[in-house]
file coords-v9.csv (CSV, C-alpha atoms)
chain,number,residue,atom,x,y,z
A,1,MET,CA,168.1,58.2,38.4
A,2,ASN,CA,164.5,56.8,38.2
A,3,GLN,CA,163.5,53.6,40.0
A,4,SER,CA,163.5,51.4,36.9
A,5,LYS,CA,167.0,52.4,35.9
A,6,ALA,CA,168.6,51.5,39.3
A,7,ARG,CA,166.9,48.1,39.3
A,8,LYS,CA,167.6,47.5,35.7
A,9,GLU,CA,171.3,48.1,36.3
A,10,ILE,CA,171.6,45.8,39.3
A,11,ALA,CA,169.7,43.1,37.3
A,12,ALA,CA,172.2,43.6,34.4
A,13,LEU,CA,175.1,43.1,36.9
A,14,ARG,CA,173.5,40.0,38.4
A,15,ASP,CA,172.9,38.5,34.9
A,16,ALA,CA,176.5,39.2,33.9
A,17,ALA,CA,177.8,37.4,37.0
A,18,LEU,CA,175.4,34.5,36.4
A,19,GLU,CA,176.5,34.3,32.8
A,20,ASP,CA,180.1,34.2,33.7
A,21,LEU,CA,179.4,31.5,36.3
A,22,ALA,CA,177.7,29.4,33.6
A,23,LYS,CA,180.8,29.6,31.5
A,24,THR,CA,183.0,28.4,34.4
A,25,THR,CA,183.9,24.7,34.4
A,26,ASP,CA,183.8,22.5,37.5
A,27,SER,CA,187.6,22.3,37.6
A,28,GLN,CA,187.9,26.1,37.4
A,29,LEU,CA,185.4,26.3,40.2
A,30,ARG,CA,187.4,23.9,42.3
A,31,GLN,CA,190.6,25.9,41.6
A,32,GLU,CA,188.8,29.2,42.5
A,33,ALA,CA,187.6,27.7,45.8
A,34,LEU,CA,191.2,26.7,46.6
A,35,GLU,CA,192.5,30.2,45.7
A,36,ALA,CA,189.8,31.8,47.8
A,37,GLY,CA,190.6,29.6,50.7
A,38,GLU,CA,187.1,28.1,50.7
A,39,ASP,CA,186.4,24.5,51.5
A,40,LEU,CA,184.3,23.4,48.6
A,41,GLY,CA,183.2,20.2,50.4
A,42,VAL,CA,182.1,22.1,53.5
A,43,ILE,CA,180.1,24.7,51.4
A,44,ALA,CA,178.6,21.8,49.4
A,45,ALA,CA,177.5,20.0,52.5
A,46,HIS,CA,176.0,23.1,53.9
A,47,MET,CA,174.0,23.7,50.7
A,48,ARG,CA,172.7,20.2,50.7
A,49,SER,CA,171.7,20.6,54.3
A,50,VAL,CA,169.8,23.9,53.5
A,51,MET,CA,167.9,22.1,50.7
A,52,ARG,CA,167.1,19.1,52.8
A,53,GLY,CA,165.9,21.3,55.6
A,54,ALA,CA,163.7,23.2,53.2
A,55,ALA,CA,162.2,19.9,51.9
A,56,ALA,CA,161.6,18.7,55.4
A,57,SER,CA,159.8,21.9,56.4
A,58,VAL,CA,157.5,21.6,53.4
A,59,HIS,CA,156.6,18.0,54.5
A,60,ARG,CA,156.0,19.1,58.1
A,61,GLN,CA,153.7,21.8,56.9
A,62,ARG,CA,151.8,19.3,54.7
A,63,LEU,CA,151.4,16.9,57.6
A,64,VAL,CA,150.0,19.7,59.8
A,65,GLN,CA,147.6,20.8,57.1
A,66,ALA,CA,146.5,17.2,56.4
A,67,ARG,CA,145.9,16.6,60.1
A,68,GLU,CA,143.9,19.9,60.4
A,69,GLN,CA,141.8,18.9,57.3
A,70,MET,CA,141.1,15.5,58.8
A,71,ASP,CA,140.0,17.0,62.1
A,72,ALA,CA,137.8,19.4,60.3
A,73,GLN,CA,136.2,16.7,58.3
A,74,ALA,CA,135.7,14.5,61.3
A,75,ARG,CA,134.0,17.4,63.1
A,76,ALA,CA,131.7,18.1,60.1
A,77,HIS,CA,130.8,14.5,59.5
A,78,VAL,CA,127.2,13.7,60.6
A,79,ALA,CA,125.8,10.3,59.7
A,80,PRO,CA,122.9,10.7,57.3
A,81,VAL,CA,119.5,9.6,58.7
A,82,ILE,CA,117.5,7.3,56.5
A,83,ARG,CA,113.9,8.1,57.1
A,84,PRO,CA,110.8,5.9,56.7
A,85,ALA,CA,107.7,7.1,55.0
A,86,LEU,CA,106.1,10.3,56.3
A,87,ASP,CA,103.0,8.7,57.7
A,88,GLN,CA,105.1,6.2,59.5
A,89,ILE,CA,107.3,9.1,60.8
A,90,LYS,CA,104.2,10.7,62.3
A,91,GLN,CA,103.2,7.5,64.1
A,92,ILE,CA,106.7,6.9,65.4
A,93,ILE,CA,107.0,10.5,66.7
A,94,GLN,CA,103.7,10.4,68.4
A,95,ALA,CA,104.7,7.2,70.0
A,96,ALA,CA,107.9,8.9,71.1
A,97,PHE,CA,105.9,11.7,72.6
A,98,ALA,CA,103.7,9.2,74.4
A,99,ARG,CA,106.7,7.5,75.9
A,100,ASN,CA,108.2,10.8,77.0
A,101,PRO,CA,105.6,13.6,77.5
A,102,ALA,CA,108.4,16.1,78.2
A,103,LEU,CA,109.1,16.2,74.4
A,104,GLY,CA,105.7,17.6,73.7
A,105,LEU,CA,106.5,20.8,75.6
A,106,ALA,CA,109.0,21.5,72.9
A,107,TYR,CA,106.8,20.6,70.0
A,108,ARG,CA,103.2,21.8,70.5
A,109,GLU,CA,101.9,18.2,71.0
A,110,GLY,CA,102.6,17.1,67.5
A,111,LYS,CA,99.4,18.5,66.0
A,112,ASN,CA,99.0,20.3,62.6
A,113,GLN,CA,102.6,20.5,61.8
A,114,PRO,CA,103.9,21.0,58.2
A,115,ASP,CA,105.6,17.9,56.7
A,116,ASP,CA,109.0,19.5,56.8
A,117,ASP,CA,108.7,19.9,60.5
A,118,TRP,CA,107.9,16.2,60.9
A,119,LEU,CA,110.9,15.3,58.9
A,120,SER,CA,113.3,17.5,60.8
A,121,LEU,CA,111.8,16.5,64.1
A,122,TYR,CA,112.3,12.9,63.2
A,123,ASP,CA,115.9,13.6,62.4
A,124,ASP,CA,116.3,15.4,65.7
A,125,LEU,CA,114.8,12.7,67.8
A,126,VAL,CA,117.0,10.1,66.0
A,127,ALA,CA,120.0,12.3,66.9
A,128,LEU,CA,118.8,12.6,70.5
A,129,GLY,CA,118.4,8.8,70.7
A,130,GLU,CA,114.7,9.0,71.5
A,131,ILE,CA,114.0,7.1,68.3
A,132,GLU,CA,116.0,4.0,67.4
A,133,THR,CA,116.0,3.6,63.6
A,134,ASP,CA,116.3,-0.2,64.0
A,135,ASP,CA,112.9,-0.3,65.7
A,136,HIS,CA,110.9,0.3,62.6
A,137,GLU,CA,111.0,-0.7,58.9
A,138,ARG,CA,111.6,1.6,56.0
B,1,MET,CA,162.7,6.6,31.9
B,2,LYS,CA,159.4,4.8,31.2
B,3,GLY,CA,158.3,4.7,27.5
B,4,GLY,CA,156.1,7.6,26.5
B,5,GLU,CA,156.9,9.6,29.7
B,6,SER,CA,157.1,13.3,28.9
B,7,LEU,CA,160.3,15.2,29.8
B,8,ASP,CA,158.3,18.4,30.0
B,9,ARG,CA,156.0,17.2,32.9
B,10,PRO,CA,156.7,18.8,36.3
B,11,ALA,CA,158.8,16.7,38.5
B,12,SER,CA,157.3,14.9,41.5
B,13,ARG,CA,158.3,15.6,45.1
B,14,GLU,CA,160.4,12.4,45.1
B,15,GLU,CA,162.2,13.4,42.0
B,16,VAL,CA,163.0,16.8,43.4
B,17,GLU,CA,164.4,15.1,46.5
B,18,GLN,CA,166.4,12.7,44.4
B,19,ALA,CA,167.8,15.6,42.4
B,20,ILE,CA,168.9,17.3,45.6
B,21,GLU,CA,170.8,14.2,46.6
B,22,ALA,CA,172.2,13.7,43.1
B,23,LEU,CA,173.9,17.2,43.0
B,24,SER,CA,177.7,17.0,43.0
B,25,ALA,CA,179.8,19.0,45.3
B,26,GLU,CA,180.7,21.3,42.4
B,27,ASP,CA,177.0,21.7,41.6
B,28,LEU,CA,176.3,22.7,45.1
B,29,TYR,CA,179.2,25.1,45.2
B,30,ARG,CA,178.0,26.6,41.9
B,31,LEU,CA,174.5,26.9,43.4
B,32,ARG,CA,175.8,28.8,46.4
B,33,LYS,CA,177.6,31.3,44.1
B,34,ALA,CA,174.5,31.7,41.9
B,35,ALA,CA,172.4,32.3,45.1
B,36,SER,CA,174.8,35.1,46.1
B,37,PHE,CA,174.3,36.8,42.7
B,38,CYS,CA,170.5,36.4,42.9
B,39,LEU,CA,170.5,38.5,46.1
B,40,LEU,CA,171.5,41.6,44.1
B,41,GLY,CA,168.7,44.1,44.5
B,42,SER,CA,166.4,41.5,46.0
B,43,ASP,CA,164.5,41.4,49.2
B,44,TYR,CA,166.4,38.3,50.4
B,45,GLY,CA,168.9,38.5,53.2
B,46,ASP,CA,171.4,35.8,52.4
B,47,PRO,CA,172.1,33.0,49.9
B,48,ASP,CA,170.6,30.3,52.2
B,49,GLU,CA,167.3,32.1,52.3
B,50,ILE,CA,166.8,32.3,48.6
B,51,VAL,CA,167.9,28.6,48.1
B,52,ASN,CA,165.5,27.6,50.9
B,53,GLU,CA,162.7,29.6,49.2
B,54,ALA,CA,163.3,28.0,45.8
B,55,ILE,CA,163.0,24.5,47.3
B,56,CYS,CA,159.9,25.4,49.3
B,57,ARG,CA,158.2,26.9,46.2
B,58,THR,CA,159.1,23.9,44.1
B,59,LEU,CA,157.9,21.3,46.6
B,60,GLY,CA,154.9,23.4,47.5
B,61,GLY,CA,153.8,23.5,43.9
B,62,ASP,CA,154.2,27.2,43.3
B,63,ARG,CA,157.0,26.5,40.8
B,64,ASN,CA,157.5,23.4,38.7
B,65,TRP,CA,160.7,21.8,37.7
B,66,PRO,CA,160.3,20.6,34.1
B,67,LYS,CA,162.2,17.3,33.8
B,68,SER,CA,163.7,18.4,30.5
B,69,VAL,CA,165.7,21.1,32.3
B,70,PRO,CA,168.8,20.1,34.4
B,71,PHE,CA,167.9,20.6,38.1
B,72,ILE,CA,170.7,23.0,38.8
B,73,ALA,CA,169.7,25.2,35.8
B,74,TYR,CA,166.1,25.2,37.0
B,75,MET,CA,167.2,26.2,40.6
B,76,ILE,CA,169.3,29.1,39.3
B,77,GLN,CA,166.5,30.3,37.1
B,78,THR,CA,164.0,30.0,40.0
B,79,MET,CA,166.3,31.9,42.3
B,80,LYS,CA,166.7,34.6,39.7
B,81,GLY,CA,162.9,34.8,39.4
B,82,LEU,CA,162.5,35.0,43.1
B,83,GLY,CA,164.9,37.8,43.3
B,84,SER,CA,163.0,39.7,40.6
B,85,ASP,CA,159.5,38.6,41.8
B,86,SER,CA,159.0,41.7,43.9
B,87,ARG,CA,159.4,43.7,40.7
B,88,ASN,CA,156.6,41.9,38.9
B,89,SER,CA,153.5,42.3,41.1
B,90,LEU,CA,150.4,43.9,39.6
B,91,GLN,CA,150.7,46.9,42.0
B,92,GLN,CA,154.3,47.4,40.9
B,93,LEU,CA,153.3,47.2,37.3
B,94,ARG,CA,150.8,50.0,38.0
B,95,THR,CA,153.4,52.0,39.8
B,96,LYS,CA,155.8,51.6,37.0
B,97,GLN,CA,153.0,52.8,34.6
B,98,LEU,CA,152.6,55.8,36.9
B,99,GLU,CA,156.4,56.4,36.9
B,100,ALA,CA,156.3,56.5,33.2
B,101,LEU,CA,153.6,59.2,33.3
B,102,VAL,CA,155.3,61.4,35.9
B,103,PRO,CA,156.2,64.8,34.3
B,104,ASP,CA,159.7,66.1,34.8
B,105,GLY,CA,160.3,67.8,38.1
B,106,MET,CA,157.6,65.8,39.9
B,107,SER,CA,157.8,62.6,42.0
B,108,VAL,CA,155.4,59.7,41.8
B,109,ASP,CA,154.3,60.6,45.4
B,110,GLU,CA,153.4,64.1,44.3
B,111,VAL,CA,151.4,62.8,41.3
B,112,LEU,CA,149.6,60.2,43.6
B,113,GLY,CA,148.8,63.1,46.0
B,114,LYS,CA,147.1,64.9,43.2
B,115,LEU,CA,145.3,61.8,42.1
B,116,ASP,CA,144.2,60.8,45.6
B,117,GLN,CA,140.6,61.9,45.3
B,118,ARG,CA,140.1,60.3,41.9
B,119,HIS,CA,142.3,57.2,41.7
B,120,PRO,CA,140.7,54.2,43.5
B,121,ASP,CA,144.1,52.5,43.9
B,122,ALA,CA,145.9,55.5,45.2
B,123,LEU,CA,146.5,54.1,48.7
B,124,ALA,CA,147.6,50.7,47.4
B,125,ASN,CA,149.9,52.5,45.0
B,126,MET,CA,151.4,54.6,47.7
B,127,ILE,CA,152.2,51.5,49.7
B,128,GLU,CA,153.8,50.1,46.6
B,129,VAL,CA,155.7,53.2,46.0
B,130,GLU,CA,157.2,52.9,49.4
B,131,ALA,CA,158.1,49.3,48.8
B,132,ASN,CA,159.5,50.2,45.4
B,133,SER,CA,161.5,53.0,47.0
B,134,GLU,CA,163.1,50.4,49.4
B,135,ARG,CA,163.9,48.2,46.5
B,136,GLN,CA,165.4,51.0,44.6
B,137,THR,CA,167.5,52.0,47.6
B,138,ARG,CA,168.6,48.3,47.9
B,139,ALA,CA,169.5,48.2,44.2
B,140,LYS,CA,171.5,51.4,44.5
B,141,VAL,CA,173.3,50.2,47.7
B,142,ASP,CA,174.2,46.9,46.1
B,143,ALA,CA,175.5,48.6,43.0
B,144,TYR,CA,177.5,51.0,45.2
B,145,LYS,CA,179.0,48.1,47.2
B,146,ILE,CA,180.2,46.5,43.9
B,147,GLU,CA,181.6,49.7,42.5
B,148,ALA,CA,183.4,50.4,45.8
B,149,PHE,CA,184.9,46.9,45.9
B,150,PHE,CA,186.4,47.4,42.5
B,151,ALA,CA,187.3,51.1,42.9
B,152,GLU,CA,191.0,50.3,42.4
B,153,ASP,CA,190.5,47.9,39.5
B,154,SER,CA,190.0,50.1,36.4
B,155,GLN,CA,189.3,47.3,34.0
B,156,VAL,CA,186.5,45.9,36.2
B,157,THR,CA,185.2,49.4,36.7
B,158,TRP,CA,185.0,49.9,32.9
B,159,LEU,CA,183.3,46.5,32.7
B,160,ILE,CA,180.7,47.5,35.3
B,161,LEU,CA,180.0,50.7,33.5
B,162,GLY,CA,179.5,48.8,30.3
B,163,ILE,CA,177.3,46.2,31.8
B,164,LYS,CA,175.1,48.9,33.4
B,165,ASP,CA,174.8,50.6,30.0
B,166,GLU,CA,174.1,47.3,28.3
B,167,LEU,CA,177.1,47.8,26.0
B,168,PRO,CA,178.3,44.9,23.8
B,169,PRO,CA,181.7,43.4,24.9
B,170,ALA,CA,183.5,45.0,21.9
B,171,ASP,CA,182.5,48.5,23.1
B,172,ILE,CA,183.5,47.7,26.7
B,173,MET,CA,186.9,46.4,25.6
B,174,ASP,CA,187.3,49.5,23.4
B,175,MET,CA,186.3,51.8,26.2
B,176,GLY,CA,188.6,50.2,28.7
B,177,GLY,CA,191.4,49.6,26.3
B,178,MET,CA,191.2,45.8,27.0
B,179,SER,CA,192.2,42.8,24.9
B,180,GLN,CA,189.8,39.8,24.8
B,181,THR,CA,191.9,38.0,27.4
B,182,GLN,CA,191.9,41.1,29.7
B,183,TYR,CA,188.2,41.4,29.2
B,184,ASP,CA,187.6,37.7,30.1
B,185,THR,CA,189.8,37.9,33.2
B,186,ALA,CA,188.1,41.2,34.2
B,187,ARG,CA,184.7,39.4,34.0
B,188,ARG,CA,186.1,36.6,36.1
B,189,ARG,CA,187.4,39.0,38.7
B,190,PHE,CA,184.0,40.8,38.7
B,191,ARG,CA,182.1,37.5,39.2
B,192,ARG,CA,184.4,36.3,42.0
B,193,GLY,CA,184.3,39.7,43.7
B,194,VAL,CA,180.5,39.9,43.6
B,195,ALA,CA,180.3,36.4,45.0
B,196,LYS,CA,182.5,37.5,47.8
B,197,ILE,CA,180.5,40.7,48.6
B,198,PHE,CA,177.2,38.8,48.7
B,199,SER,CA,178.3,35.6,50.3
B,200,GLU,CA,177.2,36.5,53.8
B,201,LYS,CA,174.0,37.7,55.4
B,202,ARG,CA,173.0,41.3,54.7
B,203,PRO,CA,173.3,43.5,57.7
B,204,SER,CA,169.8,44.3,58.8
call {"tool": "encode", "arguments": {"input": "coords-v9.csv", "output": "structure tokens"}}
result
Amino acid sequence: MNQSKARKEIAALRDAALEDLAKTTDSQLRQEALEAGEDLGVIAAHMRSVMRGAAASVHRQRLVQAREQMDAQARAHVAPVIRPALDQIKQIIQAAFARNPALGLAYREGKNQPDDDWLSLYDDLVALGEIETDDHER
Amino acid sequence: MKGGESLDRPASREEVEQAIEALSAEDLYRLRKAASFCLLGSDYGDPDEIVNEAICRTLGGDRNWPKSVPFIAYMIQTMKGLGSDSRNSLQQLRTKQLEALVPDGMSVDEVLGKLDQRHPDALANMIEVEANSERQTRAKVDAYKIEAFFAEDSQVTWLILGIKDELPPADIMDMGGMSQTQYDTARRRFRRGVAKIFSEKRPS
């Protein structure tokens, strides 16, 4: 017997049982439960409980996922810096270096830097709290 | 129902939960029996497991309940699909294709062995062959359990043979020397017997 045949046969048996079940009325089912010594009410309550349990587990999983997503978003969230004009940035940064000479060690004294460096340095100093954005106009 | 609302739209989570609560005791009993039948040849261990999976897939969005279909019918169809799902993966489709190509006297494993150097999916196929082999064994074992259960009932035995061979009811009745009534009651005995066999957890 090849693989497909065994599975096809069991599927045919399953379908035949399902088909016969579909033709069985509720009152016949109640009668069959009685004859089989099964408590229909107990089985029904158990089934509802299985389904409620499944629904609850999906909700729990959703809550955990939502919480994880919120945490990830919170971690990724960085307030955007609104920069003033580039010339003003250079002045502000030079003033910051003048206030705190130690910064210059990390930035070659602020001379002959490309514009992108000025911009990113400004952002870094704002993030470090060395520059207060409220102190200057944009 | 609100005006213009489509019956074919997938039900919301709340609607699924309401439908669960609205099922009658008979519906739930029927669902339990149907779940037992859907275990036949499947990877699921017991009726609770397949019912649980059907609800999780529905609420998780993998399966949608179209509101035009009664919830119990949808549930039975979904469980049936879940039981058959393992037979429908891409890898299984490929393995089935290979099965069809296997010459007489050779197994799929032997053919895959020969293809190993040239077939890029050979390893994946071999894994799938193993899984298929387990499912085939399960299908055979389940069929054997049913046949053994009805060994003393010649009418149901004829019925099983006929169903497996996809014979029409008239041929099964003819083969088993059954009247329409005897055929109908044999089908009922078959259904109730199968429900009994698969009502509990499979031994692992």
call {"tool": "residues_around", "arguments": {"input": "coords-v9.csv", "residues": "A:Ala22", "least_positions_apart": "5", "cutoff": "10 Å", "atoms": "only C-alpha atoms", "output": "MDAnalysis selection string"}}
result
(chainID A and resid 16:17) or (chainID B and resid 30 34 73)
call {"tool": "atom_distance", "arguments": {"input": "coords-v9.csv", "atom1": "atom CA of B:Tyr29", "atom2": "atom CA of B:Ala54"}}
result
16.2 Å
call {"tool": "interface_residues", "arguments": {"input": "coords-v9.csv", "of": "chain A", "to": "chain B", "cutoff": "8 Å", "atoms": "only C-alpha atoms", "output": "VMD selection string"}}
result
chain A and resid 3 to 4 6 to 14 16 to 18 20 to 21 26 29 to 30 40 to 41 43 to 45 47 to 48 50 to 55 57 to 58
call {"tool": "atom_distance", "arguments": {"input": "coords-v9.csv", "atom1": "atom CA of B:Trp158", "atom2": "atom CA of B:Thr185"}}
result
12.9 Å
call {"tool": "atom_distance", "arguments": {"input": "coords-v9.csv", "atom1": "atom CA of B:Gly45", "atom2": "atom CA of B:Glu200"}}
result
8.6 Å
call {"tool": "closest_residue", "arguments": {"input": "coords-v9.csv", "among": "B:Ala148, B:Ala170, B:Ala124, B:Ala11", "to": "B:Phe71", "atoms": "all atoms listed in the file"}}
result
B:Ala11
call {"tool": "closest_residue", "arguments": {"input": "coords-v9.csv", "among": "B:Ala131, B:Val156, B:Ala19, B:Ala186", "to": "B:Asp43", "atoms": "all atoms listed in the file"}}
result
B:Ala131
call {"tool": "residues_around", "arguments": {"input": "coords-v9.csv", "residues": "A:Leu121", "least_positions_apart": "3", "cutoff": "10 Å", "atoms": "only C-alpha atoms", "output": "ChimeraX atom specification"}}
result
/A:89-90,93,107,110,115-118,124-127
call {"tool": "build_atoms", "arguments": {"input": "coords-v9.csv", "residues": "stretch 37-47 of chain B", "atoms": "all heavy atoms", "output": "mmCIF file, keeping the file's coordinate frame"}}
result
data_model
loop_
_atom_site.group_PDB
_atom_site.id
_atom_site.type_symbol
_atom_site.label_atom_id
_atom_site.label_comp_id
_atom_site.auth_asym_id
_atom_site.auth_seq_id
_atom_site.Cartn_x
_atom_site.Cartn_y
_atom_site.Cartn_z
ATOM 1 N N PHE B 37 174.550 35.784 43.752
ATOM 2 C CA PHE B 37 174.300 36.800 42.700
ATOM 3 C C PHE B 37 172.788 37.144 42.660
ATOM 4 O O PHE B 37 172.452 38.273 42.337
ATOM 5 C CB PHE B 37 174.685 36.211 41.317
ATOM 6 C CG PHE B 37 176.136 35.816 41.231
ATOM 7 C CD1 PHE B 37 176.553 34.743 40.459
ATOM 8 C CD2 PHE B 37 177.096 36.513 41.938
ATOM 9 C CE1 PHE B 37 177.883 34.377 40.385
ATOM 10 C CE2 PHE B 37 178.444 36.154 41.872
ATOM 11 C CZ PHE B 37 178.834 35.075 41.099
ATOM 12 N N CYS B 38 171.936 36.153 42.957
ATOM 13 C CA CYS B 38 170.500 36.400 42.900
ATOM 14 C C CYS B 38 170.014 37.332 44.028
ATOM 15 O O CYS B 38 168.879 37.799 44.018
ATOM 16 C CB CYS B 38 169.709 35.104 42.893
ATOM 17 S SG CYS B 38 169.982 34.175 41.368
ATOM 18 N N LEU B 39 170.889 37.560 45.002
ATOM 19 C CA LEU B 39 170.500 38.500 46.100
ATOM 20 C C LEU B 39 170.557 39.941 45.618
ATOM 21 O O LEU B 39 169.934 40.801 46.224
ATOM 22 C CB LEU B 39 171.533 38.368 47.244
ATOM 23 C CG LEU B 39 171.555 37.101 48.073
ATOM 24 C CD1 LEU B 39 172.544 37.262 49.213
ATOM 25 C CD2 LEU B 39 170.180 36.803 48.623
ATOM 26 N N LEU B 40 171.305 40.210 44.552
ATOM 27 C CA LEU B 40 171.500 41.600 44.100
ATOM 28 C C LEU B 40 170.157 42.293 43.868
ATOM 29 O O LEU B 40 169.374 41.852 43.023
ATOM 30 C CB LEU B 40 172.326 41.625 42.801
ATOM 31 C CG LEU B 40 173.838 41.748 42.972
ATOM 32 C CD1 LEU B 40 174.435 40.493 43.567
ATOM 33 C CD2 LEU B 40 174.498 42.061 41.641
ATOM 34 N N GLY B 41 169.922 43.323 44.628
ATOM 35 C CA GLY B 41 168.700 44.100 44.500
ATOM 36 C C GLY B 41 167.436 43.432 44.926
ATOM 37 O O GLY B 41 166.349 43.935 44.712
ATOM 38 N N SER B 42 167.572 42.248 45.552
ATOM 39 C CA SER B 42 166.400 41.500 46.000
ATOM 40 C C SER B 42 166.026 41.780 47.421
ATOM 41 O O SER B 42 166.763 42.458 48.120
ATOM 42 C CB SER B 42 166.604 39.997 45.788
ATOM 43 O OG SER B 42 167.284 39.480 46.910
ATOM 44 N N ASP B 43 164.882 41.209 47.850
ATOM 45 C CA ASP B 43 164.500 41.400 49.200
ATOM 46 C C ASP B 43 165.106 40.317 50.143
ATOM 47 O O ASP B 43 164.874 40.323 51.350
ATOM 48 C CB ASP B 43 162.936 41.210 49.346
ATOM 49 C CG ASP B 43 162.208 42.270 48.539
ATOM 50 O OD1 ASP B 43 162.785 43.348 48.352
ATOM 51 O OD2 ASP B 43 161.074 42.013 48.104
ATOM 52 N N TYR B 44 165.847 39.381 49.583
ATOM 53 C CA TYR B 44 166.400 38.300 50.400
ATOM 54 C C TYR B 44 167.655 38.701 51.126
ATOM 55 O O TYR B 44 168.427 39.526 50.636
ATOM 56 C CB TYR B 44 166.670 37.072 49.492
ATOM 57 C CG TYR B 44 165.387 36.462 48.988
ATOM 58 C CD1 TYR B 44 164.811 36.890 47.803
ATOM 59 C CD2 TYR B 44 164.715 35.506 49.743
ATOM 60 C CE1 TYR B 44 163.607 36.378 47.362
ATOM 61 C CE2 TYR B 44 163.513 34.981 49.308
ATOM 62 C CZ TYR B 44 162.960 35.424 48.114
ATOM 63 O OH TYR B 44 161.758 34.911 47.692
ATOM 64 N N GLY B 45 167.825 38.081 52.303
ATOM 65 C CA GLY B 45 168.900 38.500 53.200
ATOM 66 C C GLY B 45 170.210 37.783 52.994
ATOM 67 O O GLY B 45 171.281 38.353 53.213
ATOM 68 N N ASP B 46 170.152 36.512 52.601
ATOM 69 C CA ASP B 46 171.400 35.800 52.400
ATOM 70 C C ASP B 46 171.167 34.606 51.448
ATOM 71 O O ASP B 46 170.015 34.243 51.182
ATOM 72 C CB ASP B 46 172.009 35.329 53.737
ATOM 73 C CG ASP B 46 171.218 34.243 54.411
ATOM 74 O OD1 ASP B 46 170.277 34.568 55.157
ATOM 75 O OD2 ASP B 46 171.515 33.069 54.176
ATOM 76 N N PRO B 47 172.240 34.029 50.924
ATOM 77 C CA PRO B 47 172.100 33.000 49.900
ATOM 78 C C PRO B 47 171.240 31.788 50.399
ATOM 79 O O PRO B 47 170.423 31.256 49.631
ATOM 80 C CB PRO B 47 173.523 32.529 49.618
ATOM 81 C CG PRO B 47 174.377 33.688 50.014
ATOM 82 C CD PRO B 47 173.666 34.359 51.145
#
